[in-house]
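K.L.:
Input file: target_9.csv. Contents: CSV, C-alpha atoms.
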```csv
chain,number,residue,atom,x,y,z
A,1,MET,CA,12.5,-28.9,20.6
A,2,SER,CA,13.2,-30.8,23.8
A,3,ASP,CA,15.9,-28.5,25.1
A,4,PRO,CA,14.6,-25.0,25.6
A,5,ALA,CA,17.0,-22.9,23.6
A,6,ASP,CA,17.7,-19.3,24.6
A,7,ASP,CA,16.5,-16.5,22.3
A,8,GLU,CA,20.0,-15.8,20.9
A,9,SER,CA,20.3,-19.4,19.6
A,10,LEU,CA,16.8,-19.3,18.2
A,11,VAL,CA,17.8,-16.0,16.4
A,12,ALA,CA,20.9,-17.7,15.0
A,13,ALA,CA,18.9,-20.8,13.9
A,14,THR,CA,16.3,-18.5,12.2
A,15,LEU,CA,19.1,-16.7,10.3
A,16,ASP,CA,20.3,-20.2,9.2
A,17,GLY,CA,16.8,-20.7,7.6
A,18,ASP,CA,15.1,-22.6,10.5
A,19,ASP,CA,11.5,-21.4,10.4
A,20,ASP,CA,10.5,-23.5,13.4
A,21,ALA,CA,13.1,-21.6,15.5
A,22,PHE,CA,11.3,-18.3,14.5
A,23,ALA,CA,7.9,-19.8,15.3
A,24,GLU,CA,9.3,-20.6,18.8
A,25,LEU,CA,10.5,-17.0,19.2
A,26,VAL,CA,7.0,-15.8,18.2
A,27,ARG,CA,5.4,-18.2,20.6
A,28,ARG,CA,7.5,-16.9,23.5
A,29,HIS,CA,7.0,-13.2,22.9
A,30,LYS,CA,3.6,-12.8,21.2
A,31,ARG,CA,1.8,-12.1,24.5
A,32,ARG,CA,3.8,-9.0,25.2
A,33,VAL,CA,3.4,-7.8,21.6
A,34,PHE,CA,-0.3,-8.4,21.7
A,35,ALA,CA,-0.7,-6.6,25.0
A,36,THR,CA,1.0,-3.4,23.7
A,37,ALA,CA,-0.7,-3.6,20.3
A,38,SER,CA,-4.1,-4.0,21.8
A,39,ARG,CA,-3.8,-0.6,23.4
A,40,PHE,CA,-3.9,0.9,19.9
A,41,ALA,CA,-5.9,-1.4,17.7
A,42,ARG,CA,-9.6,-0.9,17.5
A,43,ASP,CA,-10.7,-4.4,16.6
A,44,SER,CA,-9.3,-7.9,16.3
A,45,HIS,CA,-8.5,-7.5,12.5
A,46,GLN,CA,-6.4,-4.5,13.2
A,47,LEU,CA,-4.7,-6.3,16.1
A,48,GLU,CA,-3.8,-9.3,14.0
A,49,ASP,CA,-2.4,-7.0,11.2
A,50,LEU,CA,-0.4,-4.9,13.7
A,51,CYS,CA,1.1,-8.0,15.4
A,52,GLN,CA,1.9,-9.6,12.1
A,53,GLU,CA,3.6,-6.4,11.0
A,54,VAL,CA,5.7,-6.4,14.2
A,55,PHE,CA,6.9,-10.0,13.7
A,56,LEU,CA,7.4,-9.6,9.9
A,57,ARG,CA,9.6,-6.6,10.6
A,58,ALA,CA,11.5,-8.7,13.2
A,59,PHE,CA,12.0,-11.5,10.7
A,60,ARG,CA,13.2,-9.1,7.9
A,61,HIS,CA,15.6,-7.2,10.2
A,62,LEU,CA,16.8,-10.1,12.3
A,63,GLY,CA,20.2,-9.8,10.8
A,64,LYS,CA,20.5,-6.3,12.4
A,65,PHE,CA,19.8,-7.7,15.9
A,66,ARG,CA,22.9,-6.9,18.1
A,67,HIS,CA,23.3,-9.4,20.9
A,68,ASP,CA,24.4,-6.6,23.3
A,69,ALA,CA,20.7,-6.3,24.6
A,70,PRO,CA,18.1,-9.0,25.1
A,71,PHE,CA,15.9,-9.9,22.1
A,72,GLU,CA,12.9,-8.9,24.1
A,73,HIS,CA,14.1,-5.3,24.3
A,74,TRP,CA,14.8,-5.2,20.6
A,75,LEU,CA,11.4,-6.6,19.8
A,76,ALA,CA,9.8,-4.0,22.2
A,77,ARG,CA,11.4,-1.2,20.1
A,78,LEU,CA,10.1,-2.8,16.9
A,79,THR,CA,6.6,-3.0,18.5
A,80,VAL,CA,6.5,0.6,19.5
A,81,SER,CA,7.8,1.7,16.1
A,82,ALA,CA,5.1,-0.4,14.3
A,83,CYS,CA,2.4,1.0,16.6
A,84,TYR,CA,3.6,4.5,16.0
A,85,ASP,CA,3.4,4.0,12.2
A,86,PHE,CA,0.0,2.4,12.7
A,87,LEU,CA,-1.2,5.5,14.6
A,88,ARG,CA,0.0,7.8,11.8
A,89,ARG,CA,-1.7,5.8,9.2
A,90,GLU,CA,-4.9,5.7,11.3
A,91,ARG,CA,-4.9,9.4,11.7
A,92,ARG,CA,-4.9,9.9,8.0
A,93,HIS,CA,-7.7,7.4,7.7
A,94,ARG,CA,-9.6,8.8,10.7
A,95,GLY,CA,-9.7,12.2,9.0
A,96,GLN,CA,-12.2,10.7,6.6
A,97,LEU,CA,-14.4,9.1,9.2
A,98,SER,CA,-17.4,10.6,10.9
A,99,LEU,CA,-17.0,11.3,14.6
A,100,ASP,CA,-20.6,10.6,15.3
A,101,GLU,CA,-20.2,7.1,16.6
A,102,MET,CA,-17.3,8.2,18.9
A,103,GLU,CA,-19.3,11.1,20.3
A,104,PHE,CA,-22.1,8.6,21.1
A,105,ASP,CA,-19.7,6.6,23.2
A,106,ALA,CA,-18.8,9.7,25.2
A,107,ARG,CA,-22.4,10.7,25.9
A,108,ASP,CA,-23.2,7.2,27.0
A,109,LEU,CA,-20.3,7.2,29.4
A,110,SER,CA,-21.1,10.5,31.0
A,111,ALA,CA,-24.4,9.1,32.3
A,112,ASP,CA,-22.5,6.8,34.6
A,113,ALA,CA,-20.9,8.4,37.6
A,114,VAL,CA,-18.7,5.5,38.6
A,115,LEU,CA,-16.6,4.3,35.7
A,116,SER,CA,-16.0,0.6,35.3
A,117,ALA,CA,-12.5,-0.4,33.9
A,118,GLY,CA,-14.0,-1.2,30.5
A,119,ARG,CA,-15.8,2.1,30.3
A,120,ALA,CA,-12.8,4.0,31.5
A,121,ARG,CA,-10.8,2.3,28.7
A,122,GLU,CA,-13.4,3.3,26.1
A,123,LEU,CA,-13.4,6.9,27.4
A,124,VAL,CA,-9.6,7.1,27.4
A,125,GLN,CA,-9.5,5.6,23.8
A,126,TRP,CA,-12.1,8.1,22.7
A,127,ALA,CA,-10.3,11.1,24.1
A,128,MET,CA,-6.9,9.8,22.9
A,129,ALA,CA,-8.1,9.4,19.4
A,130,LYS,CA,-8.1,13.2,19.2
A,131,LEU,CA,-4.4,13.5,20.1
A,132,SER,CA,-1.5,13.4,17.7
A,133,PRO,CA,0.1,10.0,17.1
A,134,ASP,CA,3.2,10.9,19.2
A,135,GLU,CA,1.1,12.3,22.1
A,136,ARG,CA,-1.1,9.2,22.0
A,137,LEU,CA,1.9,6.9,21.9
A,138,ILE,CA,3.6,8.6,24.9
A,139,LEU,CA,0.5,8.7,27.1
A,140,THR,CA,-0.3,5.1,26.4
A,141,LEU,CA,3.2,4.0,27.3
A,142,LEU,CA,3.4,6.3,30.3
A,143,GLU,CA,0.0,6.1,31.8
A,144,LEU,CA,-1.5,2.8,30.7
A,145,GLU,CA,1.6,0.6,30.3
A,146,GLU,CA,3.3,2.4,33.3
A,147,ARG,CA,6.7,2.7,31.6
A,148,SER,CA,9.2,5.2,32.8
A,149,VAL,CA,10.3,8.3,30.8
A,150,ARG,CA,13.7,6.7,30.4
A,151,GLU,CA,12.2,3.5,29.0
A,152,ILE,CA,10.0,5.4,26.6
A,153,ALA,CA,13.0,7.4,25.4
A,154,ALA,CA,14.8,4.1,24.8
A,155,LEU,CA,11.8,2.6,23.0
A,156,THR,CA,11.0,5.5,20.8
A,157,GLY,CA,14.5,6.9,20.2
A,158,TRP,CA,13.4,10.3,21.4
A,159,SER,CA,15.3,12.2,24.1
A,160,GLU,CA,14.0,12.1,27.7
A,161,SER,CA,13.2,15.9,27.7
A,162,LYS,CA,11.2,15.5,24.5
A,163,VAL,CA,9.2,12.7,26.0
A,164,LYS,CA,8.5,14.8,29.1
A,165,VAL,CA,7.4,17.8,27.1
A,166,ARG,CA,5.2,15.8,24.9
A,167,ALA,CA,3.7,13.9,27.8
A,168,PHE,CA,2.9,17.2,29.5
A,169,ARG,CA,1.3,18.6,26.3
A,170,ALA,CA,-0.6,15.4,25.7
A,171,ARG,CA,-2.1,15.5,29.3
A,172,GLN,CA,-3.2,19.2,28.7
A,173,SER,CA,-4.9,18.3,25.4
A,174,LEU,CA,-6.5,15.2,27.0
A,175,LYS,CA,-7.8,17.3,29.9
A,176,LYS,CA,-9.2,19.9,27.5
A,177,THR,CA,-11.0,17.3,25.5
A,178,LEU,CA,-12.5,15.7,28.5
A,179,LEU,CA,-13.5,19.0,30.1
A,180,LEU,CA,-15.2,20.0,26.9
A,181,SER,CA,-17.2,16.8,27.0
A,182,ASP,CA,-17.9,17.2,30.8
A,183,GLU,CA,-16.1,13.9,31.6
A,184,ILE,CA,-13.8,15.2,34.3
B,1,MET,CA,-5.5,20.3,40.5
B,2,LYS,CA,-8.8,18.6,40.5
B,3,SER,CA,-8.8,17.8,36.8
B,4,ASP,CA,-5.3,16.3,37.1
B,5,ARG,CA,-6.4,14.1,39.9
B,6,ARG,CA,-9.5,13.0,37.9
B,7,LEU,CA,-7.4,12.3,34.9
B,8,ASP,CA,-5.1,10.1,37.0
B,9,ASP,CA,-8.2,8.3,38.4
B,10,LEU,CA,-9.4,7.7,34.8
B,11,PHE,CA,-6.0,6.3,33.8
B,12,ARG,CA,-5.9,4.1,37.0
B,13,ALA,CA,-9.4,2.8,36.1
B,14,ALA,CA,-8.5,2.1,32.5
B,15,ARG,CA,-5.0,0.5,33.1
B,16,PRO,CA,-6.1,-3.0,34.0
B,17,ALA,CA,-8.7,-3.1,31.2
B,18,ALA,CA,-6.4,-4.4,28.5
B,19,PRO,CA,-8.5,-6.5,26.2
B,20,ASP,CA,-8.3,-10.3,26.4
B,21,THR,CA,-6.1,-11.2,23.4
B,22,ALA,CA,-6.0,-15.0,24.0
B,23,ARG,CA,-8.3,-15.8,21.1
B,24,ALA,CA,-6.3,-13.6,18.7
B,25,GLU,CA,-3.1,-15.1,19.9
B,26,HIS,CA,-4.3,-18.7,19.2
B,27,ALA,CA,-2.3,-20.2,16.4
B,28,PHE,CA,-0.8,-16.8,15.5
B,29,GLU,CA,2.6,-18.2,14.7
B,30,THR,CA,1.0,-20.7,12.2
B,31,ARG,CA,-0.7,-17.8,10.4
B,32,LEU,CA,2.4,-15.7,10.5
B,33,LEU,CA,4.6,-18.5,9.0
B,34,ALA,CA,2.1,-19.1,6.3
B,35,ARG,CA,2.2,-15.4,5.4
B,36,LEU,CA,6.0,-15.5,5.5
B,37,ARG,CA,6.1,-18.5,3.1
B,38,GLU,CA,3.5,-16.8,0.9
B,39,GLU,CA,5.7,-13.6,0.7
B,40,ARG,CA,8.8,-15.7,0.1
B,41,GLY,CA,7.0,-17.6,-2.7
B,42,GLY,CA,5.7,-14.3,-4.1
B,43,SER,CA,9.2,-12.8,-4.1
B,44,TRP,CA,10.6,-15.8,-6.0
B,45,SER,CA,7.9,-15.6,-8.7
B,46,ALA,CA,8.4,-11.8,-8.8
B,47,TRP,CA,12.1,-12.3,-9.4
B,48,ALA,CA,11.3,-15.0,-12.0
B,49,TRP,CA,9.1,-12.5,-13.9
B,50,ARG,CA,11.7,-9.8,-13.7
B,51,LEU,CA,14.3,-12.1,-15.1
B,52,ALA,CA,12.1,-13.4,-17.9
B,53,PRO,CA,13.1,-10.7,-20.5
B,54,PHE,CA,16.8,-11.3,-19.8
B,55,CYS,CA,16.4,-15.0,-20.2
B,56,ALA,CA,14.5,-14.4,-23.5
B,57,ALA,CA,17.2,-12.1,-24.7
B,58,LEU,CA,19.9,-14.6,-23.8
B,59,ALA,CA,18.0,-17.4,-25.6
B,60,ILE,CA,17.6,-15.3,-28.7
B,61,GLY,CA,21.3,-14.2,-28.6
B,62,SER,CA,22.4,-17.8,-28.2
B,63,ALA,CA,20.2,-18.9,-31.1
B,64,VAL,CA,21.6,-16.1,-33.3
B,65,TRP,CA,25.2,-16.9,-32.3
B,66,CYS,CA,24.7,-20.7,-32.9
B,67,HIS,CA,23.2,-20.0,-36.3
B,68,SER,CA,26.0,-17.7,-37.4
B,69,VAL,CA,28.7,-20.2,-36.2
B,70,THR,CA,27.0,-23.0,-38.1
B,71,SER,CA,26.8,-21.0,-41.3
B,72,MET,CA,30.4,-19.9,-41.0
B,73,GLU,CA,31.5,-23.6,-40.6
B,74,ALA,CA,29.4,-24.4,-43.6
B,75,ASP,CA,31.1,-21.7,-45.6
B,76,ALA,CA,34.5,-22.9,-44.5
B,77,ASP,CA,33.6,-26.5,-45.6
B,78,THR,CA,32.5,-25.3,-49.0
B,79,LEU,CA,35.8,-23.4,-49.4
B,80,LEU,CA,37.9,-26.4,-48.3
B,81,ASP,CA,36.0,-28.6,-50.7
B,82,ALA,CA,36.7,-26.2,-53.5
B,83,VAL,CA,40.4,-26.1,-52.6
B,84,ARG,CA,40.6,-29.9,-52.4
B,85,SER,CA,38.9,-30.4,-55.8
B,86,GLY,CA,41.9,-28.4,-57.2
B,87,GLY,CA,39.9,-26.4,-59.6
B,88,GLY,CA,41.1,-22.8,-59.5
B,89,ALA,CA,43.0,-23.2,-56.3
B,90,PRO,CA,44.3,-19.9,-54.9
B,91,PRO,CA,48.1,-19.5,-55.4
B,92,MET,CA,48.7,-19.4,-51.6
B,93,VAL,CA,47.1,-22.8,-51.1
B,94,ALA,CA,48.9,-24.2,-54.1
B,95,TRP,CA,52.2,-23.0,-52.6
B,96,TRP,CA,51.7,-25.1,-49.4
B,97,PRO,CA,53.5,-28.4,-49.3
B,98,GLU,CA,50.3,-30.3,-48.7
B,99,GLY,CA,48.8,-28.6,-51.7
B,100,GLU,CA,51.5,-30.2,-54.0
B,101,PRO,CA,50.5,-33.4,-55.9
```
Can the structure in the file be given as structure tokens, please?
P.N.:
Amino acid sequence: MSDPADDESLVAATLDGDDDAFAELVRRHKRRVFATASRFARDSHQLEDLCQEVFLRAFRHLGKFRHDAPFEHWLARLTVSACYDFLRRERRHRGQLSLDEMEFDARDLSADAVLSAGRARELVQWAMAKLSPDERLILTLLELEERSVREIAALTGWSESKVKVRAFRARQSLKKTLLLSDEI
Amino acid sequence: MKSDRRLDDLFRAARPAAPDTARAEHAFETRLLARLREERGGSWSAWAWRLAPFCAALAIGSAVWCHSVTSMEADADTLLDAVRSGGGAPPMVAWWPEGEP
């Protein structure tokens, strides 16, 4: 493709059966999808599966894409929706897992007074794993991705007041978890 | 509150620590398209298997129909031969102008 086509024409070409056009769309937007998905996935396999799920959903529902908003926004909503479903599945699975290995991470972190970025991320992940999927989703988008309440409401389809209430409750739960483990 | 400030500090520290996904992103579109083609191929074969009983029923139906049509034609030929031979021709056939000698 010598002439860089816009997203809308690539969507149209994909709908006409041009797989290369879809590959170009994926190439353009994968970085942002990977960045969001990596906040939730625990390893590279989960990350790959989650990102594939996002783009497979995009491919299957491309006919529903309305050109009144940029493709990027539509894809961001699909990403958040796939991540939310992933968290719900994970929660069911996590119920069967032992918490020992996660507790070990927290004890290890408490020994260090000054938290490095990597350790802070591990600690946040450990504490967030105890939250409900919607609380975890909202806090990740709000505090780590630095999205506004309005943006989160648009991405999740929830009302702004619901986002605010859940964010408040999520922070309370997170503080409680960290206080119990003497982390803050 | 102190705990709120500490939580904010923790988030601030964790924020830039998004994992490096460059390796995972490498050739991602190739793997994705391969999966899409696989699913597409899978769906064609699934449809083919679903349609198999209908195709078999259609083939059997066609065979039965062909067989019955052929045997009906054979019966008709036999009857016509019998009429042409003149032996014991039914009165209606004898009445027809072509049936006259």
K.L.:
To one decimal place in Å, what is the distance between atom CA of A:Leu25 and atom CA of A:Asp7?
P.N.:
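Atom-to-atom, atom CA of A:Leu25 to atom CA of A:Asp7, that is 6.8 Å.
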K.L.:
Counting all atoms listed in the file, a student should be able to say which residues of chain A come within 6 Å of chain B; what is the right answer, written as a ChimeraX atom specification?
P.N.:
/A:23,117-118,120-121,144
K.L.:
Which one is closest to A:Trp158: A:Arg77, A:Arg42, A:Leu87, A:Thr36? Count only C-alpha atoms.
P.N.:
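Closest candidate: A:Arg77.
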K.L.:
Using Å and a single decimal, report how far atom CA of A:Lys30 sits from atom CA of A:Ser9.
P.N.:
18.0 Å
K.L.:
Using all atoms listed in the file, which of A:Gln172, A:Ser132, A:Ser116, A:Thr79 sits nearest A:Ser38?
P.N.:
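Among the listed residues, the smallest separation from A:Ser38 belongs to A:Thr79.
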K.L.:
What does the structure give for the distance between atom CA of A:His73 and atom CA of B:Glu38, in Å to one decimal?
P.N.:
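Here the two named atoms are 28.1 Å from each other.
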K.L.:
Got a sec: who's within 12 Å of A:Lys64, counting all atoms listed in the file, leaving out chain neighbours fewer than 6 positions off, as a PyMOL selection string?
P.N.:
chain A and resi 11-12+15+57-58+71+74-75+78
K.L.:
Limited to C-alpha atoms, could you put the picked residues into a file as a compact mmCIF listing (two decimals), in the coordinates of the input?
P.N.:
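Contents of part_11.txt, as written:
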```txt
# COMPACT_ATOMS: atom_id res chain seq x y z
CA VAL A 11 17.80 -16.00 16.40
CA ALA A 12 20.90 -17.70 15.00
CA LEU A 15 19.10 -16.70 10.30
CA ARG A 57 9.60 -6.60 10.60
CA ALA A 58 11.50 -8.70 13.20
CA PHE A 71 15.90 -9.90 22.10
CA TRP A 74 14.80 -5.20 20.60
CA LEU A 75 11.40 -6.60 19.80
CA LEU A 78 10.10 -2.80 16.90
```
K.L.:
So, counting only C-alpha atoms, which residue among A:Thr177, A:Ser81, A:Gln52, A:Thr14 is closest to A:Lys130?
P.N.:
A:Thr177
